[in-house]
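Participant: Have a look at this one before I ask anything.
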Amino acid sequence: MREWFGYSLQRKLSFIMLVTTLIPLLFLGTFAFTTSSDITKEKAQQAGLNSLAQMDAKFQFILKDVENISIFLIGQRDIQSYLKRTDENLDAQAQILGLMTNLVYTKDYISNITIYPSNNTMPLSTSTIYNSSLDQEIAIKQITDKLWTGLYHIENYLGKRQVFSFIRPVRAMNTFQTLGWLSISVDEQVLSRTWSVPQLADGYGQVALLNDRNEIMSSTTKSWLSQEADSLFPGIKDRVRGYSSGVWTSGAGKTQQSILFYREPMINWTIVGIIPSKLYSAQNRYILQLTAVAVALSVLTNVFLTIFVIRKVTTPLGSLTRLLTKINPDEPLPHYPVYTSDEIGRLAGSYNLLSTHIEALKKQLIHNETRKKEADMRALQAQINPHFLYNTLSSIHWIALLNEENRIAEMVGALSDFLRFSLNKGKEYCKVSQELAHIRNYVQVQSIRFPDEFTVDYVVDARLSDTFMLKLLLQPLVENAMIHGIQMKEEPGVISIYVELKGNSMHVKVMDDGIGMTEDRLREVTESLYPAEGMEANDASYGLRNVHERLQLHYGLDSGIKIESRLNEGTCVSFAIPVLEDNHENLDR
């Protein structure tokens with residue numbers, strides 16, 4: 001690290017200036033984040049209390065509505081008259097039930113209204129209750145004043161429901177004698193909707209309604225119903241005593257939560273809200289992101305200003321250093337403009353002289369390498385078939401021993417044409433028709449050596465006859481197919497030569513139905529086309545490598561040969577070259 005800083009004056013100055021400004025920025029960002037988090041928490045808690053106040057307003061409306069309905073019903077003369085009778089009057093029952101049903105129908109939070117006569121006649125209820133646990137909650141005939149029950153279960157045509165009831169005695173208008181009791185049941189499931197609008201803490205919070213005995217009467221979490229509040233919120237009884245509203249924090253870490261409460265003064269019940277810590281965490285993450293962005297922008301601005309000032313001092317040295325360290329070997333050295341005559345200017349001038357000298361050396365080297373490649377190509381071409389010439393001469397000697405002059409004349413004539421085309425007055429390119437004639441001479445010579453062992457098929461697009469191509473490309477491929485494919489078979493074989501036009505390219509294939517190659521041998525031959533530097537190809541793939549190199553040198557790296565082969569099925573060697581309309585001799589120079 002010390003060497004890295006010591007290597008650049010600009011780094012040293014930048015580091016010192018950045019450190020002196022970055023540390024205060026970090027302290028400022030931390031202070032801003034902590035303060036904002038506390039304010040956000042306080043605002044969330046205050047918003048929660050406001051939401052509980054709105055819920056309490058709705059709950060108060062329900063409480064007042066239930067009490068007003070009860071006052072209205074106990075004052076009805078028909079109900080007073082009915083409760084004073086000792087017999088069951090069906091007409092009076094129907095009229096009273098119709099009145100109560102109309103009231104229930106307009107109030108979705110009222111589950112049912114029931115009148116219990118004191119003369120032991122059947123109760124009058126707005127809905128048929130199949131089962132009820134009210135008897136386990138309270139003894140109705142012992143009630144002497146109005147009260148709210150705890151939560152209990154009923155079962156009616158809607159199924160099982162949880163309700164709590166407002167019960168008050170019905171007394172005679174004149175004598176105040178107890179005639180019966182009126183029960184108005186509130187449906188907890190409908191009431192719980194009150195705790196969802198407005199949403200507490202954007203839907204993250206939970207709400208519970210506690211009665212004066214700290215029992216949970218209604219909640220957004222149904223598993224809490226009928227439980228003691230102290231079991232869920234330890235110490236809540238002492239914390240809410242004597243207060244109309246408040247907030248405290250419970251738990252620690254991920255289980256930490258804020259507990260808010262709002263006291264309902266009418267019946268001394270309490271609405272409790274729970275805000276989990278993950279809400280604050282989400283908001284704090286947002287604040288942290290904003291703080292981080294603000295600090296990052298400040299740091300970037302500081303970095304920009306620092307670099308701008310320092311560059312005014314170190315720009316000449318920095319520019320020259322970058323030019324020297326970012327030299328591309330494939331491109332000319334960039335020129336450095338000289339504006340001053342001081343030490344930096346003289347250094348830049350020396351650099352420009354050096355770059356000019358290096359560019360001249362590069363051009364000379366490229367020229368020498370080009371000439372070397374040309375010489376290598378001619379050497380490769382001269383070495384293509386020394387063994388073929390040797391084998392041909394041996395065949396001539398063998399035929400001479402047999403005194404077959406006509407066949408000797410044919411072989412020597414074909415050999416003469418073959419050698420004449422190989423020389424071709426030093427030209428590198430020939431027409432496709434000439435290349436094919438050269439192959440036919442080669443095939444004629446080999447057919448005399450190996451009679452009835454092979455045949456050659458030619459499939460050539462007539463449009464390509466006068467097209468120019470690099471000479472001596474097909475003969476090594478045909479020879480390779482004959483020696484390594486056909487001669488290894490016991491029966492005669494076929495060599496097929498395809499030359500076709502596809503777009504602006506000439507596609508050439510030399511196929512044989514010889515013994516083919518295994519996958520390992522095919523991989524070995526293919527890899528021999530790309531030997532490591534300083535290594536030479538093995539003898540078995542020497543001809544293929546020569547053709548492959550000549551194709552790449554003259555037509556580009558994408559024009560090399562491709563080999564496909566299957567054992568006991570044959571081999572296909574192919575390549576594709578651009579179509580040349582005229583004699584493009586020396587095109588590669």
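Please note that chains go A, B, ... in the order of the structure tokens, that every chain numbers its residues from 1, and that ligands are numbered from 1 in the order shown.
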Identify all residues of range 55-290 of chain A in helix (DSSP H, G or I) (DSSP on the backbone) and supply them as a PyMOL selection string.
Facilitator: chain A and resi 55-74+77-84+90-105+134-137+140-142+188-195+200-203+222-224+229-232+236-240+253-255+277-290
Participant: With a cut-off of 9 Å, could you pull out the residues of range 109-172 of chain A touching range 82-90 of chain A and give me the nearest pair of atoms for each, distance in Å to one decimal, using only C-alpha atoms, ordered by chain and ascending number, as a tab-separated table?
Facilitator:
residue	atom	partner	partner_atom	distance
A:Tyr116	CA	A:Leu83	CA	8.9
A:Pro117	CA	A:Leu83	CA	5.8
A:Ser118	CA	A:Leu83	CA	7.6
A:Asn119	CA	A:Thr86	CA	6.6
A:Asn120	CA	A:Thr86	CA	8.9
A:Thr121	CA	A:Glu88	CA	7.3
A:Met122	CA	A:Glu88	CA	8.4
A:Val170	CA	A:Leu83	CA	8.8
A:Ala172	CA	A:Lys84	CA	8.4
Participant: At a cut-off of 8 Å, using only C-alpha atoms, what residues contact Gly205 in chain A? Leave out same-chain residues fewer than 6 positions from it and give the result as a list in words.
Facilitator: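 What passes the distance filter is Gln199, Gly273, Ile274, Ile275 and Pro276 of chain A.
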Participant: Keeping only N, CA, C and O atoms, write those residues as a PDB file, in the first residue's frame.
Facilitator:
ATOM      1  N   GLN A 199     -55.663   1.880   8.304  1.00  0.00           N
ATOM      2  CA  GLN A 199     -54.672   0.862   8.614  1.00  0.00           C
ATOM      3  C   GLN A 199     -53.649   1.415   9.605  1.00  0.00           C
ATOM      4  O   GLN A 199     -53.147   2.522   9.438  1.00  0.00           O
ATOM      5  N   GLY A 273     -52.837  -0.971  20.097  1.00  0.00           N
ATOM      6  CA  GLY A 273     -52.192  -1.155  18.799  1.00  0.00           C
ATOM      7  C   GLY A 273     -50.751  -1.599  18.963  1.00  0.00           C
ATOM      8  O   GLY A 273     -50.063  -1.160  19.879  1.00  0.00           O
ATOM      9  N   ILE A 274     -50.319  -2.510  18.096  1.00  0.00           N
ATOM     10  CA  ILE A 274     -48.935  -3.031  18.153  1.00  0.00           C
ATOM     11  C   ILE A 274     -48.263  -2.721  16.829  1.00  0.00           C
ATOM     12  O   ILE A 274     -48.751  -3.111  15.759  1.00  0.00           O
ATOM     13  N   ILE A 275     -47.139  -1.999  16.871  1.00  0.00           N
ATOM     14  CA  ILE A 275     -46.350  -1.684  15.684  1.00  0.00           C
ATOM     15  C   ILE A 275     -45.033  -2.453  15.774  1.00  0.00           C
ATOM     16  O   ILE A 275     -44.234  -2.214  16.676  1.00  0.00           O
ATOM     17  N   PRO A 276     -44.788  -3.410  14.867  1.00  0.00           N
ATOM     18  CA  PRO A 276     -43.541  -4.199  14.951  1.00  0.00           C
ATOM     19  C   PRO A 276     -42.327  -3.367  14.555  1.00  0.00           C
ATOM     20  O   PRO A 276     -42.423  -2.367  13.841  1.00  0.00           O
TER      21      PRO A 276
END
Participant: Write out as a list in words the residues lying within 10 Å of Ala296 in chain A, counting only C-alpha atoms and excluding same-chain residues fewer than 5 positions away.
Facilitator: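 Near Ala296 in chain A, the qualifying residues are Leu22, Leu25, Leu26, Gly29, Leu290, Thr291, Thr301 and Asn302 of chain A.
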Participant: Generate the output file for the selected residues, C-alpha atoms, as a compact mmCIF listing (two decimals), in the first residue's frame.
Facilitator:
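Contents of again-v1.txt, as written:
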# COMPACT_ATOMS: atom_id res chain seq x y z
CA LEU A 22 -14.52 12.33 4.41
CA LEU A 25 -18.97 13.85 6.33
CA LEU A 26 -19.28 10.40 7.92
CA GLY A 29 -24.21 11.37 8.07
CA LEU A 290 -31.06 8.73 1.55
CA THR A 291 -28.27 9.55 3.98
CA THR A 301 -18.35 16.28 -5.30
CA ASN A 302 -15.37 16.53 -2.99
Participant: Between A:Met506, A:Val272, A:Val499, A:Ile259, which residue has the minimum interatomic distance to Glu215 in chain A, considering only C-alpha atoms?
Facilitator: A:Val272
Participant: Given the choices A:Thr144, A:Ser111, A:Gln206, A:Ser574, which gets closest to Lys160 in chain A if the distance is worked out from only C-alpha atoms?
Facilitator: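 Smallest distance to Lys160 in chain A is found for A:Ser111.
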Participant: Which of range 98-260 of chain A end up as strand (DSSP E) when DSSP is run on this backbone - answer as JSON, numbers by chain?
Facilitator: {"A": [110, 111, 112, 113, 114, 115, 116, 117, 124, 125, 131, 132, 147, 148, 152, 153, 154, 155, 156, 159, 160, 161, 162, 163, 164, 165, 166, 167, 168, 169, 170, 171, 178, 179, 180, 181, 182, 183, 184, 185, 186, 187, 206, 207, 208, 209, 210, 216, 217, 218, 219, 245, 246, 247, 248, 249, 250, 257, 258, 259, 260]}
Participant: Kindly indicate which residue among A:Thr128, A:Leu361, A:Tyr109, A:Gln257 lies nearest to Arg193 in chain A, using only C-alpha atoms for the distances.
Facilitator: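 With only C-alpha atoms as the atom set, the closest residue is A:Tyr109.
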Participant: Extract, using only C-alpha atoms, all DNA, RNA and protein residues at most 9 Å from Ile69 in chain A, discarding same-chain residues fewer than 5 positions from it, and format them as a PyMOL selection string.
Facilitator: chain A and resi 64+74+103+184
Participant: Can you list, as an mmCIF file with N, CA, C and O atoms, in the first residue's frame, every protein, DNA or RNA residue that comes within 12 Å of Gln54 in chain A when you count only C-alpha atoms, leaving out same-chain residues fewer than 6 positions away?
Facilitator:
data_model
loop_
_atom_site.group_PDB
_atom_site.id
_atom_site.type_symbol
_atom_site.label_atom_id
_atom_site.label_comp_id
_atom_site.auth_asym_id
_atom_site.auth_seq_id
_atom_site.Cartn_x
_atom_site.Cartn_y
_atom_site.Cartn_z
ATOM 1 N N ALA A 47 -48.723 8.886 14.656
ATOM 2 C CA ALA A 47 -49.697 8.526 13.635
ATOM 3 C C ALA A 47 -50.520 7.319 14.084
ATOM 4 O O ALA A 47 -51.726 7.233 13.817
ATOM 5 N N GLY A 48 -49.858 6.384 14.788
ATOM 6 C CA GLY A 48 -50.585 5.225 15.311
ATOM 7 C C GLY A 48 -51.628 5.627 16.335
ATOM 8 O O GLY A 48 -52.762 5.110 16.328
ATOM 9 N N GLN A 60 -67.063 4.229 19.456
ATOM 10 C CA GLN A 60 -68.004 5.008 20.262
ATOM 11 C C GLN A 60 -69.361 5.110 19.574
ATOM 12 O O GLN A 60 -70.407 5.019 20.220
ATOM 13 N N PHE A 61 -69.330 5.309 18.263
ATOM 14 C CA PHE A 61 -70.593 5.386 17.527
ATOM 15 C C PHE A 61 -71.388 4.101 17.682
ATOM 16 O O PHE A 61 -72.611 4.117 17.878
ATOM 17 N N THR A 194 -63.436 -2.501 11.863
ATOM 18 C CA THR A 194 -63.136 -1.153 12.354
ATOM 19 C C THR A 194 -61.656 -0.978 12.600
ATOM 20 O O THR A 194 -61.102 0.119 12.459
ATOM 21 N N TRP A 195 -60.946 -2.066 12.954
ATOM 22 C CA TRP A 195 -59.521 -1.966 13.281
ATOM 23 C C TRP A 195 -58.637 -1.982 12.032
ATOM 24 O O TRP A 195 -57.417 -1.842 12.135
ATOM 25 N N SER A 196 -59.258 -2.162 10.866
ATOM 26 C CA SER A 196 -58.481 -2.209 9.626
ATOM 27 C C SER A 196 -58.533 -0.923 8.840
ATOM 28 O O SER A 196 -57.750 -0.718 7.920
ATOM 29 N N VAL A 197 -59.490 -0.042 9.162
ATOM 30 C CA VAL A 197 -59.614 1.237 8.465
ATOM 31 C C VAL A 197 -59.743 2.348 9.497
ATOM 32 O O VAL A 197 -60.730 2.352 10.256
ATOM 33 N N PRO A 198 -58.799 3.266 9.608
ATOM 34 C CA PRO A 198 -57.569 3.328 8.802
ATOM 35 C C PRO A 198 -56.558 2.264 9.222
ATOM 36 O O PRO A 198 -56.597 1.777 10.354
ATOM 37 N N GLN A 199 -55.663 1.880 8.304
ATOM 38 C CA GLN A 199 -54.672 0.862 8.614
ATOM 39 C C GLN A 199 -53.649 1.415 9.605
ATOM 40 O O GLN A 199 -53.147 2.522 9.438
ATOM 41 N N LEU A 200 -53.372 0.605 10.602
ATOM 42 C CA LEU A 200 -52.360 1.001 11.584
ATOM 43 C C LEU A 200 -50.979 0.719 11.027
ATOM 44 O O LEU A 200 -50.685 -0.405 10.613
ATOM 45 N N TYR A 262 -55.372 3.376 23.651
ATOM 46 C CA TYR A 262 -56.296 4.503 23.690
ATOM 47 C C TYR A 262 -57.510 4.050 24.493
ATOM 48 O O TYR A 262 -58.162 3.069 24.137
ATOM 49 N N GLU A 264 -61.225 3.983 25.979
ATOM 50 C CA GLU A 264 -62.589 4.367 25.629
ATOM 51 C C GLU A 264 -63.313 4.773 26.917
ATOM 52 O O GLU A 264 -63.579 3.928 27.777
ATOM 53 N N ILE A 271 -58.427 0.284 23.493
ATOM 54 C CA ILE A 271 -57.984 -0.152 22.161
ATOM 55 C C ILE A 271 -56.462 -0.149 22.172
ATOM 56 O O ILE A 271 -55.827 0.871 22.463
#
Participant: Would you kindly return, as a compact mmCIF listing (two decimals) with N, CA, C and O atoms, in the first residue's frame, each protein, DNA or RNA residue with an atom no farther than 7 Å from any atom of Ser219 in chain A, considering only C-alpha atoms and excluding same-chain residues fewer than 4 positions away?
Facilitator:
# COMPACT_ATOMS: atom_id res chain seq x y z
N SER A 192 -64.39 -6.19 13.86
CA SER A 192 -62.94 -6.17 13.63
C SER A 192 -62.57 -5.40 12.37
O SER A 192 -61.41 -5.01 12.21
N VAL A 207 -54.22 -4.70 15.96
CA VAL A 207 -55.09 -3.97 16.89
C VAL A 207 -55.91 -4.98 17.69
O VAL A 207 -56.32 -6.02 17.16
N ALA A 208 -56.10 -4.67 18.98
CA ALA A 208 -56.92 -5.51 19.85
C ALA A 208 -57.79 -4.61 20.73
O ALA A 208 -57.37 -3.51 21.11
N LEU A 209 -59.00 -5.10 21.05
CA LEU A 209 -59.93 -4.39 21.93
C LEU A 209 -59.99 -5.13 23.26
O LEU A 209 -60.30 -6.32 23.30
N TRP A 224 -55.84 -14.27 19.22
CA TRP A 224 -55.75 -13.56 20.49
C TRP A 224 -57.09 -13.53 21.23
O TRP A 224 -57.13 -13.16 22.40
N LEU A 225 -58.19 -13.80 20.55
CA LEU A 225 -59.52 -13.60 21.13
C LEU A 225 -59.69 -14.39 22.42
O LEU A 225 -59.26 -15.55 22.52
Participant: Dump as JSON lines the rows for residues of range 540-565 of chain A within 7 Å of range 473-487 of chain A: closest atom pair and distance in Å with one decimal, only C-alpha atoms counted, ordered by chain and rising residue number.
Facilitator:
{"residue": "A:Gly543", "atom": "CA", "partner": "A:Pro476", "partner_atom": "CA", "distance": 5.7}
{"residue": "A:Leu544", "atom": "CA", "partner": "A:Leu477", "partner_atom": "CA", "distance": 6.8}
{"residue": "A:Val547", "atom": "CA", "partner": "A:Leu473", "partner_atom": "CA", "distance": 6.0}
Participant: Got time to write the residues from that selection, C-alpha atoms, as a JSON list (two decimals), in the first residue's frame?
Facilitator:
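File result-v1.json, as written:
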[["chain", "number", "residue", "atom", "x", "y", "z"],
["A", 543, "GLY", "CA", 0.07, -32.15, -45.86],
["A", 544, "LEU", "CA", -3.12, -31.02, -44.13],
["A", 547, "VAL", "CA", -2.85, -26.49, -46.83]]
Participant: Quick one: contact table of range 186-268 of chain A to range 147-152 of chain A, 9 Å max, nearest atom pair and distance in Å to one decimal per residue, counting only C-alpha atoms, chain and number order, as a Markdown table?
Facilitator:
| residue | atom | partner | partner_atom | distance |
| --- | --- | --- | --- | --- |
| A:Glu188 | CA | A:Leu151 | CA | 8.5 |
| A:Asn211 | CA | A:Gly150 | CA | 7.7 |
| A:Arg213 | CA | A:Gly150 | CA | 8.9 |
| A:Glu215 | CA | A:Gly150 | CA | 7.6 |
| A:Ile216 | CA | A:Leu151 | CA | 8.1 |
| A:Met217 | CA | A:Leu151 | CA | 5.7 |
| A:Ser218 | CA | A:Leu151 | CA | 8.4 |
| A:Leu225 | CA | A:Leu151 | CA | 8.0 |
| A:Ser226 | CA | A:Leu151 | CA | 6.3 |
| A:Ile267 | CA | A:Trp148 | CA | 8.4 |
Participant: Take the selection from the previous step and output its residues with N, CA and C atoms, as a compact mmCIF listing (two decimals), in the first residue's frame.
Facilitator:
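Listing of selection38.txt after writing:
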# COMPACT_ATOMS: atom_id res chain seq x y z
N GLU A 188 -68.32 -9.92 16.47
CA GLU A 188 -66.90 -9.56 16.54
C GLU A 188 -66.26 -9.51 15.15
N ASN A 211 -61.58 -5.38 27.22
CA ASN A 211 -62.67 -4.89 28.09
C ASN A 211 -62.09 -4.45 29.44
N ARG A 213 -61.98 -5.96 32.08
CA ARG A 213 -61.31 -7.05 32.81
C ARG A 213 -60.04 -7.52 32.09
N GLU A 215 -59.68 -8.58 29.08
CA GLU A 215 -59.89 -9.70 28.17
C GLU A 215 -59.97 -9.15 26.75
N ILE A 216 -59.39 -9.86 25.81
CA ILE A 216 -59.39 -9.41 24.41
C ILE A 216 -60.73 -9.76 23.79
N MET A 217 -61.50 -8.74 23.44
CA MET A 217 -62.85 -8.91 22.92
C MET A 217 -62.88 -8.95 21.39
N SER A 218 -61.96 -8.26 20.76
CA SER A 218 -61.90 -8.23 19.29
C SER A 218 -60.48 -7.92 18.89
N LEU A 225 -58.19 -13.80 20.55
CA LEU A 225 -59.52 -13.60 21.13
C LEU A 225 -59.69 -14.39 22.42
N SER A 226 -60.33 -13.76 23.40
CA SER A 226 -60.66 -14.34 24.71
C SER A 226 -59.45 -14.55 25.61
N ILE A 267 -67.17 3.04 28.40
CA ILE A 267 -67.31 1.75 29.10
C ILE A 267 -65.97 1.29 29.70
Participant: Taking only C-alpha atoms into account, name the residue in A:Glu428, A:Asp38, A:Glu67, A:Glu500 that is nearest to Val460 in chain A.
Facilitator: A:Glu500
Participant: Tell me which of A:Met469, A:Met517, A:Leu288, A:Met17 sits closest to Ser505 in chain A, counting only C-alpha atoms.
Facilitator: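 Of all the options, A:Met469 lies closest to Ser505 in chain A.
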